[in-house]
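Colleague: Have a look at this one.
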Amino acid sequence: MRVKIIAENDNKFTGRKVKIITTHLNADFDCLASMMAAIKLYPGSSAVFPGSQEKNVRDFLAHEDISLPIVRLKNFDIASVSEVVMVDASSRGRIGPLAELVDRPGVKFTIYDHHPAASCDIPSAETVIRKRGSTSTIMTEILRERGLSVTPAEATLLMLGIYEDTGSLCFPSTTPEDYEASAWLSRSGADMNMVAGYIRRELSAEQIDTLNNLLKSLQARIICGRTVAVATAGVERHMGDVASLAHKIMDIENLDSLFILVRMEDRIHLVARSRIREISAGAVATMMGGGGHSTAASATIKDMTLTQASEKIWEALRATVDETVAANMMVESVITVSTDSSVADAETLMTRYDINGLPVMDGMKVAGLITRQIVEKAIHHGLGDHRASEFMISEFACVNPDTPSNVVEEIMLGMRQKQVPVVDKETGALVGLLSRGAALARLYGESLAREQLSSPGMAKAGPTLRDVSGVLRERLPAHVTKLIHVISDIANKSGCTAYLAGGFVRDLLLRIPNLDLDIVIEGDGMDFAKKLASRLSGRARIHEKFKTAVVVAPGGLKIDVATARMEYYTHPAALPIVEMSAIRNDLYRRDFSVNAMAIRLNGARPNALLDFFGGQADIKDKIIRVLHNLSFVEDPTRVFRAVRFESRHGFNIAKQTLSLLRNAVRHEMFNRLSGARLFAEIKAILNERRPTAALKRMKELGLLRFIHPNLSFGPEQERLMDDMEDMLIWMGLAFPLKPMELWPARLLVILDPLSGVEVVEMMETFHSSRKILRDAIKRRDFMATALESLATTRFAPPPSALRELFHQADDVALLYLAARSRNRGVTSAVTRYISEYAGVKPLVTGEDILAMGARPSRRVGDILKEIFSAQLDKKIGSKEEALQMARELLEREDL
């Protein structure tokens with residue numbers, strides 16, 4: 001009998017809870033054999049693979065005679081599962097889509113595994129974890145303990161599982177129990193010819209080619225006196241049984257440990273093998289997002305190149321053999337504050353003990369970190385009585401006492417975290433604190449530590465430098481490249497340094513067209529702007545107070561120029577006071593890390609990208625992150641910009657940044673903003689390509705109430721915005737040469753839930769925008785009147801009637817009417833009027849009527865209106881006909 005596959009449409013599981021047997025992704029023979037044994041131990045259960053299987057396993061399932069109730073995952077109802085038996089895996093990260101069952105109430109987990117117990121991250125699971133060379137050995141032992149026999153076919157499959165994971169009983173991880181289990185299976189009729197056929201299969205042409213590429217790329221190093229190697233290769237399509245290549249390479253090169261990385265499609269597959277106790281394949285694979293045991297492990301890696309993954313392997317290897325750990329470097333007596341302590345309390349402790357940072361504690365666990373810089377800024381803004389937890393750093397790394405020194409070093413230097421809490425692995429309680437000075441002194445010696453800490457680069461967190469010459473050449477048009485050369489030349493001759501900065505750099509890295517140049521000058525920026533304007537035969541508008549200028553070149557091109565500056569705020573939400581500074585401080589004053597990068601255009605290392613604050617990493621991770629914890633206090637408009645950038649780029653606001661944002665909302669920092677600054681941010685959001693997501697996010701964060709307390713953006717407003725977007729798109733396609741501002745139309749949508757009185761109330765907040773709000777009220781009144789008029793019309797109004805109704809309304813009001821009506825007839829009337837009748841010119845004028853001898857009077861206007869109506873309704877089509885109609889009307893008047 002072939003392998004039994006239960007089809008999805010059998011409705012076997014409808015209406016009842018079921019028990020499943022599962023294993024890890026990319027299942028091997030040890031997985032399949034253990035699943036088969038588990039089915040014998042749990043009658044009535046079914047096997048579910050969470051993902052694909054190795055090629056040998058797929059071949060076995062296709063050709064060999066064995067009965068297994070396998071259910072395909074594709075349409076499997078996960079909600080029906082009441083119990084999960086996991087074999088050869090103990091981590092949720094290794095069971096793919098079935099991981100969602102781990103946190104589902106009422107689902108029982110039982111685990112059978114030979115991997116280390118420490119790798120189990122499934123709470124409340126019953127575990128059977130024994131130190132064996134394979135899980136098949138454990139399952140064989142349990143079958144024997146319970147007096148259950150196996151058929152020759154079952155014995156063969158279990159033998160395959162043991163032989164595969166123990167290297168035919170030759171790996172150092174092989175135990176006496178593996179031999180004993182193999183002997184019992186042999187006596188039970190295991191077919192060793194079949195085992196040899198699957199374990200020692202000939203390589204395919206594709207595998208041979210991949211093997212050659214792996215051998216060519218192989219890099220070997222001596223670690224702990226043993227030979228360890230990493231090899232990489234890429235294949236065009238999925239290839240199974242990569243593990244067999246690892247065994248062949250180890251034999252060919254006589255290696256002690258091997259890590260091979262094979263890119264297939266959009267991911268990299270890691271196969272790790274080790275024959276020595278000093279290096280754990282499982283530990284390295286775990287750090288790469290996978291798992292396994294000390295001699296054999298695997299992982300699937302996304303969002304990395306082969307080069308990056310290879311470097312990560314070497315880093316993981318260094319971490320696993322490093323003997324210097326956090327416990328040897330930490331301070332055990334730690335000064336802390338609680339989440340309820342005030343900022344002033346934290347400042348008092350820092351001054352008393354002469355320290356620059358404190359853990360903020362929630363009971364025995366670390367809730368965050370707070371630094372002297374944060375505390376001093378908060379007190380400067382009169383926020384000393386606020387809780388320290390409102391401004392603490394809530395995104396930070398912790399380590400355990402046994403964390404290797406290279407991991408600590410990466411946190412302190414790579415992540416620029418000056419203090420690292422050391423917490424108990426089991427309870428999470430604080431047991432010590434690592435400071436950067438003490439850790440570097442322990443790692444490098446006192447003199448080097450002092451040198452590192454006192455150097456400007458270390459004290460100010462030196463930037464990540466990257467040459468982007470190729471990126472500039474590839475992505476900028478020729479005229480912009482030429483302009484950048486001019487800027488560089490002027491900066492060199494003026495003895496200053498020029499940088500491209502801000503949104504231009506962000507969009508360059510995001511591959512988004514943006515030719516708004518933002519130039520920052522280390523030196524006299526105003527003098528530079530004048531020289532640039534002269535060189536371009538343009539003009540410069542200078543703003544001395546803010547040390548900024550706008551250079552306007554012929555053709556209208558505008559270039560923003562600023563002196564590298566440092567800003568400080570006299571009180572929350574105030575406009576900044578500006579002082580001259582260097583590029584790092586200039587970038588530090590900016591809103592988010594993704595906007596705080598610069599490209600040096602001249603001097604040392606031209607075209608080098610400077611990234612002090614992790615902007616490149618945040619772009620890669622799609623994160624919006626503020627640069628310091630009082631960012632929203634100093635400038636609350638950054639909250640709206642965070643929402644705008646999140647929506648525009650599909651990013652997410654970082655966890656700590658979101659916490660700081662909610663604090664700003666809770667303390668109503670926006671009430672201190674001027675109406676003009678707040679309205680400018682609203683306008684910017686409404687000018688986004690699709691503002692709906694941003695408006696929904698504003699509602700979620702409680703920001704709409706700062707526009708008006710009764711403002712909302714519910715499903716009805718979302719539908720109205722969608723309809724308005726349709727009308728705006730139609731307008732842009734129908735009249736491409738008639739540009740139209742988008743935000744006034746969208747403003748009508750967000751004001752729609754408010755009454756006329758409430759919109760008038762907004763004028764008190766937004767003084768400088770009163771005209772805009774008055775226009776909005778007029779458009780709302782027109783919409784209501786027109787909608788009422790059209791509702792009483794049974795048939796499509798003639799063109800003359802449409803003109804009578806619509807001629808005093810602008811395009812924004814007409815589009816609002818169409819979107820608001822939810823009526824195809826009204827929408828048709830609006831589009832007909834705009835496209836066919838709004839631009840029609842009368843055939844005759846008042847002068848034509850007066851030339852016929854008519855006296856100036858109101859009657860002349862009535863005649864013109866009547867003639868124009870006939871023209872629109874196609875009753876007349878020429879000037880002669882119009883003049884004839886005028887004569888007839890005048891004659892009728894005379895009668």
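Starting from 1 in every chain, residues are counted up; chains themselves are A, B, ... following the order of the structure tokens, and ligands are numbered from 1 as listed.
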Skipping near chain neighbours, those fewer than 5 positions away, what residues fall within 12 Å of segment 663-674 of chain A using only C-alpha atoms, listed as a ChimeraX atom specification?
Modeller: /A:383,386-392,571-575,629-640,656-658,679-681,698-709,764-769
Colleague: For those residues, write C-alpha atoms to a file as an mmCIF file, in the first residue's frame.
Modeller:
data_model
loop_
_atom_site.group_PDB
_atom_site.id
_atom_site.type_symbol
_atom_site.label_atom_id
_atom_site.label_comp_id
_atom_site.auth_asym_id
_atom_site.auth_seq_id
_atom_site.Cartn_x
_atom_site.Cartn_y
_atom_site.Cartn_z
ATOM 1 C CA LEU A 383 9.367 68.695 32.828
ATOM 2 C CA HIS A 386 7.122 64.188 34.925
ATOM 3 C CA ARG A 387 7.799 60.490 35.321
ATOM 4 C CA ALA A 388 11.163 59.288 34.066
ATOM 5 C CA SER A 389 9.363 56.437 32.292
ATOM 6 C CA GLU A 390 7.756 58.944 29.904
ATOM 7 C CA PHE A 391 11.131 59.828 28.397
ATOM 8 C CA MET A 392 13.151 56.669 28.975
ATOM 9 C CA HIS A 571 10.265 75.916 25.635
ATOM 10 C CA PRO A 572 8.270 73.007 24.237
ATOM 11 C CA ALA A 573 6.781 73.608 20.749
ATOM 12 C CA ALA A 574 8.752 76.837 20.321
ATOM 13 C CA LEU A 575 10.560 77.748 17.115
ATOM 14 C CA ASN A 629 13.452 61.052 23.609
ATOM 15 C CA LEU A 630 12.348 64.706 23.829
ATOM 16 C CA SER A 631 11.959 65.101 20.086
ATOM 17 C CA PHE A 632 8.158 65.379 20.206
ATOM 18 C CA VAL A 633 8.313 67.691 23.211
ATOM 19 C CA GLU A 634 10.601 70.111 21.395
ATOM 20 C CA ASP A 635 8.626 69.980 18.150
ATOM 21 C CA PRO A 636 5.209 68.290 18.329
ATOM 22 C CA THR A 637 4.691 68.735 14.566
ATOM 23 C CA ARG A 638 7.065 65.776 14.203
ATOM 24 C CA VAL A 639 4.185 63.559 15.327
ATOM 25 C CA PHE A 640 2.269 64.434 12.167
ATOM 26 C CA GLN A 656 9.884 53.465 21.506
ATOM 27 C CA THR A 657 9.049 56.309 19.132
ATOM 28 C CA LEU A 658 5.392 55.294 19.282
ATOM 29 C CA PHE A 679 -2.470 73.577 9.678
ATOM 30 C CA ALA A 680 0.712 73.303 7.607
ATOM 31 C CA GLU A 681 1.119 69.699 8.809
ATOM 32 C CA MET A 698 -4.271 59.960 13.180
ATOM 33 C CA LYS A 699 -7.638 58.766 14.441
ATOM 34 C CA GLU A 700 -6.042 55.728 16.092
ATOM 35 C CA LEU A 701 -3.453 57.917 17.843
ATOM 36 C CA GLY A 702 -5.998 60.511 19.004
ATOM 37 C CA LEU A 703 -4.581 63.330 16.872
ATOM 38 C CA LEU A 704 -7.768 64.447 15.098
ATOM 39 C CA ARG A 705 -9.096 66.081 18.267
ATOM 40 C CA PHE A 706 -6.336 68.691 18.075
ATOM 41 C CA ILE A 707 -7.886 69.868 14.805
ATOM 42 C CA HIS A 708 -11.361 69.893 16.354
ATOM 43 C CA PRO A 709 -12.643 67.960 19.397
ATOM 44 C CA GLU A 764 -10.336 80.606 16.302
ATOM 45 C CA THR A 765 -7.573 77.985 16.283
ATOM 46 C CA PHE A 766 -6.418 78.479 12.708
ATOM 47 C CA HIS A 767 -6.339 82.281 12.429
ATOM 48 C CA SER A 768 -4.064 82.358 9.406
ATOM 49 C CA SER A 769 -6.264 79.860 7.583
#
Colleague: Run DSSP on the backbone and give me the residues of segment 698-817 of chain A it puts in helix (DSSP H, G or I), as number ranges by chain.
Modeller: A: 698-701, 704-706, 715-734, 743-751, 756-765, 767-791, 799-806, 811-817
Colleague: Restricting the output to C-alpha atoms, write the selected residues as an mmCIF file, in the first residue's frame.
Modeller:
data_model
loop_
_atom_site.group_PDB
_atom_site.id
_atom_site.type_symbol
_atom_site.label_atom_id
_atom_site.label_comp_id
_atom_site.auth_asym_id
_atom_site.auth_seq_id
_atom_site.Cartn_x
_atom_site.Cartn_y
_atom_site.Cartn_z
ATOM 1 C CA MET A 698 -4.271 59.960 13.180
ATOM 2 C CA LYS A 699 -7.638 58.766 14.441
ATOM 3 C CA GLU A 700 -6.042 55.728 16.092
ATOM 4 C CA LEU A 701 -3.453 57.917 17.843
ATOM 5 C CA LEU A 704 -7.768 64.447 15.098
ATOM 6 C CA ARG A 705 -9.096 66.081 18.267
ATOM 7 C CA PHE A 706 -6.336 68.691 18.075
ATOM 8 C CA PRO A 715 -15.988 54.232 7.711
ATOM 9 C CA GLU A 716 -18.295 56.867 6.200
ATOM 10 C CA GLN A 717 -15.473 59.412 5.860
ATOM 11 C CA GLU A 718 -13.192 56.709 4.478
ATOM 12 C CA ARG A 719 -15.776 55.886 1.812
ATOM 13 C CA LEU A 720 -16.205 59.577 1.020
ATOM 14 C CA MET A 721 -12.428 59.986 0.727
ATOM 15 C CA ASP A 722 -12.276 57.035 -1.671
ATOM 16 C CA ASP A 723 -15.017 58.601 -3.800
ATOM 17 C CA MET A 724 -13.194 61.940 -3.730
ATOM 18 C CA GLU A 725 -9.980 60.210 -4.825
ATOM 19 C CA ASP A 726 -11.862 58.725 -7.783
ATOM 20 C CA MET A 727 -13.075 62.188 -8.771
ATOM 21 C CA LEU A 728 -9.599 63.718 -8.419
ATOM 22 C CA ILE A 729 -8.110 60.948 -10.557
ATOM 23 C CA TRP A 730 -10.784 61.549 -13.196
ATOM 24 C CA MET A 731 -10.021 65.277 -13.132
ATOM 25 C CA GLY A 732 -6.295 64.665 -13.577
ATOM 26 C CA LEU A 733 -6.836 62.295 -16.497
ATOM 27 C CA ALA A 734 -9.471 64.445 -18.210
ATOM 28 C CA TRP A 743 -5.650 69.180 -0.435
ATOM 29 C CA PRO A 744 -8.646 71.610 -0.515
ATOM 30 C CA ALA A 745 -10.900 68.834 -1.859
ATOM 31 C CA ARG A 746 -9.643 66.392 0.752
ATOM 32 C CA LEU A 747 -10.061 69.009 3.484
ATOM 33 C CA LEU A 748 -13.788 69.065 2.678
ATOM 34 C CA VAL A 749 -13.898 65.330 3.317
ATOM 35 C CA ILE A 750 -12.329 65.484 6.781
ATOM 36 C CA LEU A 751 -14.524 68.479 7.696
ATOM 37 C CA GLY A 756 -21.112 74.661 10.002
ATOM 38 C CA VAL A 757 -20.843 76.136 13.505
ATOM 39 C CA GLU A 758 -18.013 73.749 14.360
ATOM 40 C CA VAL A 759 -16.088 74.708 11.229
ATOM 41 C CA VAL A 760 -16.501 78.370 12.222
ATOM 42 C CA GLU A 761 -15.094 77.454 15.653
ATOM 43 C CA MET A 762 -11.956 76.190 13.931
ATOM 44 C CA MET A 763 -11.239 79.716 12.724
ATOM 45 C CA GLU A 764 -10.336 80.606 16.302
ATOM 46 C CA THR A 765 -7.573 77.985 16.283
ATOM 47 C CA HIS A 767 -6.339 82.281 12.429
ATOM 48 C CA SER A 768 -4.064 82.358 9.406
ATOM 49 C CA SER A 769 -6.264 79.860 7.583
ATOM 50 C CA ARG A 770 -9.558 81.678 7.986
ATOM 51 C CA LYS A 771 -9.952 82.301 4.244
ATOM 52 C CA ILE A 772 -9.412 78.597 3.556
ATOM 53 C CA LEU A 773 -12.088 77.676 6.098
ATOM 54 C CA ARG A 774 -14.498 80.311 4.753
ATOM 55 C CA ASP A 775 -14.030 78.830 1.287
ATOM 56 C CA ALA A 776 -14.730 75.393 2.728
ATOM 57 C CA ILE A 777 -17.969 76.636 4.287
ATOM 58 C CA LYS A 778 -19.077 78.142 0.918
ATOM 59 C CA ARG A 779 -18.349 74.871 -0.850
ATOM 60 C CA ARG A 780 -20.295 72.911 1.769
ATOM 61 C CA ASP A 781 -23.263 75.277 1.395
ATOM 62 C CA PHE A 782 -23.144 74.931 -2.397
ATOM 63 C CA MET A 783 -23.036 71.143 -2.093
ATOM 64 C CA ALA A 784 -26.097 71.061 0.158
ATOM 65 C CA THR A 785 -28.094 73.414 -2.102
ATOM 66 C CA ALA A 786 -27.146 71.630 -5.324
ATOM 67 C CA LEU A 787 -27.833 68.206 -3.854
ATOM 68 C CA GLU A 788 -31.297 69.299 -2.759
ATOM 69 C CA SER A 789 -32.042 70.779 -6.188
ATOM 70 C CA LEU A 790 -30.870 67.727 -8.092
ATOM 71 C CA ALA A 791 -32.816 65.418 -5.780
ATOM 72 C CA PRO A 799 -26.958 71.871 -20.016
ATOM 73 C CA SER A 800 -28.512 75.268 -19.390
ATOM 74 C CA ALA A 801 -29.960 74.054 -16.084
ATOM 75 C CA LEU A 802 -26.584 72.648 -15.084
ATOM 76 C CA ARG A 803 -24.912 75.971 -15.806
ATOM 77 C CA GLU A 804 -27.533 77.816 -13.785
ATOM 78 C CA LEU A 805 -26.887 75.513 -10.854
ATOM 79 C CA PHE A 806 -23.106 75.104 -11.128
ATOM 80 C CA ASP A 811 -13.965 72.634 -9.447
ATOM 81 C CA VAL A 812 -13.290 71.669 -5.806
ATOM 82 C CA ALA A 813 -16.918 72.294 -4.844
ATOM 83 C CA LEU A 814 -18.188 70.373 -7.872
ATOM 84 C CA LEU A 815 -15.992 67.347 -7.149
ATOM 85 C CA TYR A 816 -17.126 67.418 -3.513
ATOM 86 C CA LEU A 817 -20.753 67.410 -4.696
#
Colleague: Find the distance between atom CA of Ile301 of chain A and atom CA of Ile268 of chain A and write it in Å to one decimal.
Modeller: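 Atom CA of Ile268 of chain A lies at a distance of 5.0 Å from atom CA of Ile301 of chain A.
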Colleague: DSSP on the backbone: which residues in segment 323-540 of chain A end up as strand (DSSP E or B)? Give the answer as an NGL selection string.
Modeller: :A and (325 or 331 or 337-338 or 342 or 357-362 or 365-371 or 387 or 393 or 399 or 404 or 419-423 or 429-435 or 464-467 or 497-501 or 517-522 or 539-540)
Colleague: Take the selection from the previous step and output its residues with C-alpha atoms, as a tab-separated table (two decimals), in the first residue's frame.
Modeller:
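Output saved as selection_1.tsv:
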chain	number	residue	atom	x	y	z
A	325	VAL	CA	31.30	36.83	29.11
A	331	VAL	CA	28.83	45.93	37.96
A	337	VAL	CA	15.00	54.47	39.51
A	338	SER	CA	11.47	53.10	39.28
A	342	SER	CA	10.33	61.66	38.45
A	357	GLY	CA	22.63	56.84	33.05
A	358	LEU	CA	20.22	54.69	35.04
A	359	PRO	CA	18.04	51.65	34.42
A	360	VAL	CA	14.35	52.41	34.95
A	361	MET	CA	12.82	49.50	36.85
A	362	ASP	CA	9.35	47.97	36.81
A	365	LYS	CA	12.74	43.94	35.56
A	366	VAL	CA	14.26	46.69	33.45
A	367	ALA	CA	11.61	48.79	31.70
A	368	GLY	CA	14.01	51.24	30.08
A	369	LEU	CA	17.13	53.36	30.33
A	370	ILE	CA	17.45	57.08	30.96
A	371	THR	CA	20.55	59.17	30.32
A	387	ARG	CA	7.80	60.49	35.32
A	393	ILE	CA	14.73	54.67	26.18
A	399	VAL	CA	22.32	40.43	27.86
A	404	PRO	CA	29.99	36.51	25.01
A	419	GLN	CA	24.81	50.95	29.14
A	420	VAL	CA	23.65	47.36	28.85
A	421	PRO	CA	21.56	45.69	31.58
A	422	VAL	CA	22.54	42.15	32.50
A	423	VAL	CA	19.46	40.09	33.36
A	429	ALA	CA	15.52	40.17	36.80
A	430	LEU	CA	18.36	42.70	36.74
A	431	VAL	CA	21.60	41.19	38.07
A	432	GLY	CA	24.15	43.73	36.86
A	433	LEU	CA	25.01	46.57	34.49
A	434	LEU	CA	27.68	46.95	31.82
A	435	SER	CA	29.06	50.42	31.16
A	464	THR	CA	28.83	54.73	9.17
A	465	LEU	CA	30.67	55.78	5.97
A	466	ARG	CA	29.73	54.45	2.57
A	467	ASP	CA	30.88	55.57	-0.88
A	497	THR	CA	32.55	71.52	3.16
A	498	ALA	CA	29.25	70.94	1.37
A	499	TYR	CA	26.79	68.13	2.04
A	500	LEU	CA	23.60	66.87	0.44
A	501	ALA	CA	21.23	66.12	3.31
A	517	LEU	CA	18.40	69.68	-3.21
A	518	ASP	CA	19.06	70.38	0.47
A	519	ILE	CA	22.66	71.63	0.86
A	520	VAL	CA	24.31	71.96	4.27
A	521	ILE	CA	27.56	73.93	4.55
A	522	GLU	CA	30.17	73.55	7.27
A	539	ARG	CA	19.48	84.95	-7.16
A	540	ALA	CA	19.69	84.10	-3.46
Colleague: Write out as a ChimeraX atom specification each polymer residue whose atoms come within 12 Å of Glu315 of chain A, counting only C-alpha atoms; drop sequence neighbours fewer than 6 positions from it.
Modeller: /A:230,283-285,287-288,308-309,321-322,404-407,409-410
Colleague: Work out how far atom CA of Ile682 of chain A is from atom CA of Leu661 of chain A, in Å to one decimal.
Modeller: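 One can read the atom CA of Leu661 of chain A to atom CA of Ile682 of chain A distance as 16.8 Å.
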Colleague: Looking at A:Thr135, A:Ser310, A:Thr22, A:Thr348, which one is nearest to Met86 of chain A, with distances taken over only C-alpha atoms?
Modeller: A:Thr22
Colleague: If we count only C-alpha atoms, what is near segment 869-879 of chain A at a cut-off of 10 Å, once residues fewer than 3 positions away on the same chain are taken out, given as a list in words?
Modeller: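 Contacts, with the query itself left out: Pro798, Pro799, Ser800, Ala801, Leu802, Arg803, Glu804, Glu836, Tyr837, Val840, Lys841, Pro842, Leu843, Val844, Ile863, Leu864, Lys865, Glu866, Ala882, Leu883, Gln884 and Met885 of chain A.
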Colleague: What does the structure give for the distance between atom CA of Thr792 of chain A and atom CA of Ser835 of chain A, in Å to one decimal?
Modeller: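 These atoms are spaced 23.8 Å apart.
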Colleague: Excluding segment 23-28 of chain A and its own-chain neighbours fewer than 2 positions away, which residues fall within 9 Å of it when counting only C-alpha atoms? Please give them as JSON, numbers by chain.
Modeller: {"A": [21, 30, 31, 32, 33, 34, 35, 47, 48, 49, 50, 51, 52, 53, 54, 55, 56, 57, 85, 86, 87, 88, 89, 90, 91, 93, 94, 95, 96, 161, 164, 165, 240, 241]}
Colleague: Would you kindly return, as a PDB file with N, CA and C atoms, in the first residue's frame, each protein, DNA or RNA residue with an atom no farther than 7 Å from any atom of Ala297 of chain A, considering only C-alpha atoms and excluding same-chain residues fewer than 4 positions away?
Modeller:
ATOM      1  N   VAL A 271      23.049  24.932   5.858  1.00  0.00           N
ATOM      2  CA  VAL A 271      23.232  23.573   6.399  1.00  0.00           C
ATOM      3  C   VAL A 271      24.528  23.595   7.203  1.00  0.00           C
ATOM      4  N   ALA A 272      24.440  23.239   8.477  1.00  0.00           N
ATOM      5  CA  ALA A 272      25.599  23.288   9.378  1.00  0.00           C
ATOM      6  C   ALA A 272      25.925  21.889   9.885  1.00  0.00           C
ATOM      7  N   ARG A 273      27.210  21.550   9.849  1.00  0.00           N
ATOM      8  CA  ARG A 273      27.662  20.258  10.353  1.00  0.00           C
ATOM      9  C   ARG A 273      28.946  20.465  11.161  1.00  0.00           C
ATOM     10  N   ALA A 281      27.066  23.363  15.842  1.00  0.00           N
ATOM     11  CA  ALA A 281      26.306  23.733  14.648  1.00  0.00           C
ATOM     12  C   ALA A 281      24.952  24.313  15.036  1.00  0.00           C
ATOM     13  N   GLY A 282      24.329  23.749  16.071  1.00  0.00           N
ATOM     14  CA  GLY A 282      23.024  24.227  16.505  1.00  0.00           C
ATOM     15  C   GLY A 282      23.053  25.642  17.030  1.00  0.00           C
ATOM     16  N   ALA A 285      23.345  28.003  14.024  1.00  0.00           N
ATOM     17  CA  ALA A 285      22.089  28.030  13.269  1.00  0.00           C
ATOM     18  C   ALA A 285      21.009  28.793  14.022  1.00  0.00           C
ATOM     19  N   GLY A 291      17.815  26.299  13.818  1.00  0.00           N
ATOM     20  CA  GLY A 291      18.049  25.501  15.009  1.00  0.00           C
ATOM     21  C   GLY A 291      18.607  24.143  14.650  1.00  0.00           C
ATOM     22  N   GLY A 292      18.786  23.317  15.646  1.00  0.00           N
ATOM     23  CA  GLY A 292      19.343  21.985  15.453  1.00  0.00           C
ATOM     24  C   GLY A 292      20.133  21.584  16.668  1.00  0.00           C
ATOM     25  N   HIS A 293      20.962  20.570  16.530  1.00  0.00           N
ATOM     26  CA  HIS A 293      21.785  20.140  17.654  1.00  0.00           C
ATOM     27  C   HIS A 293      23.252  20.425  17.363  1.00  0.00           C
TER      28      HIS A 293
END
Colleague: Considering only C-alpha atoms, return as a ChimeraX atom specification whatever protein or nucleic-acid residues lie within 10 Å of segment 531-538 of chain A, sequence-local ones (same chain, fewer than 6 positions apart) excluded.
Modeller: /A:483,486-487,489-491,494,525,550-559,561
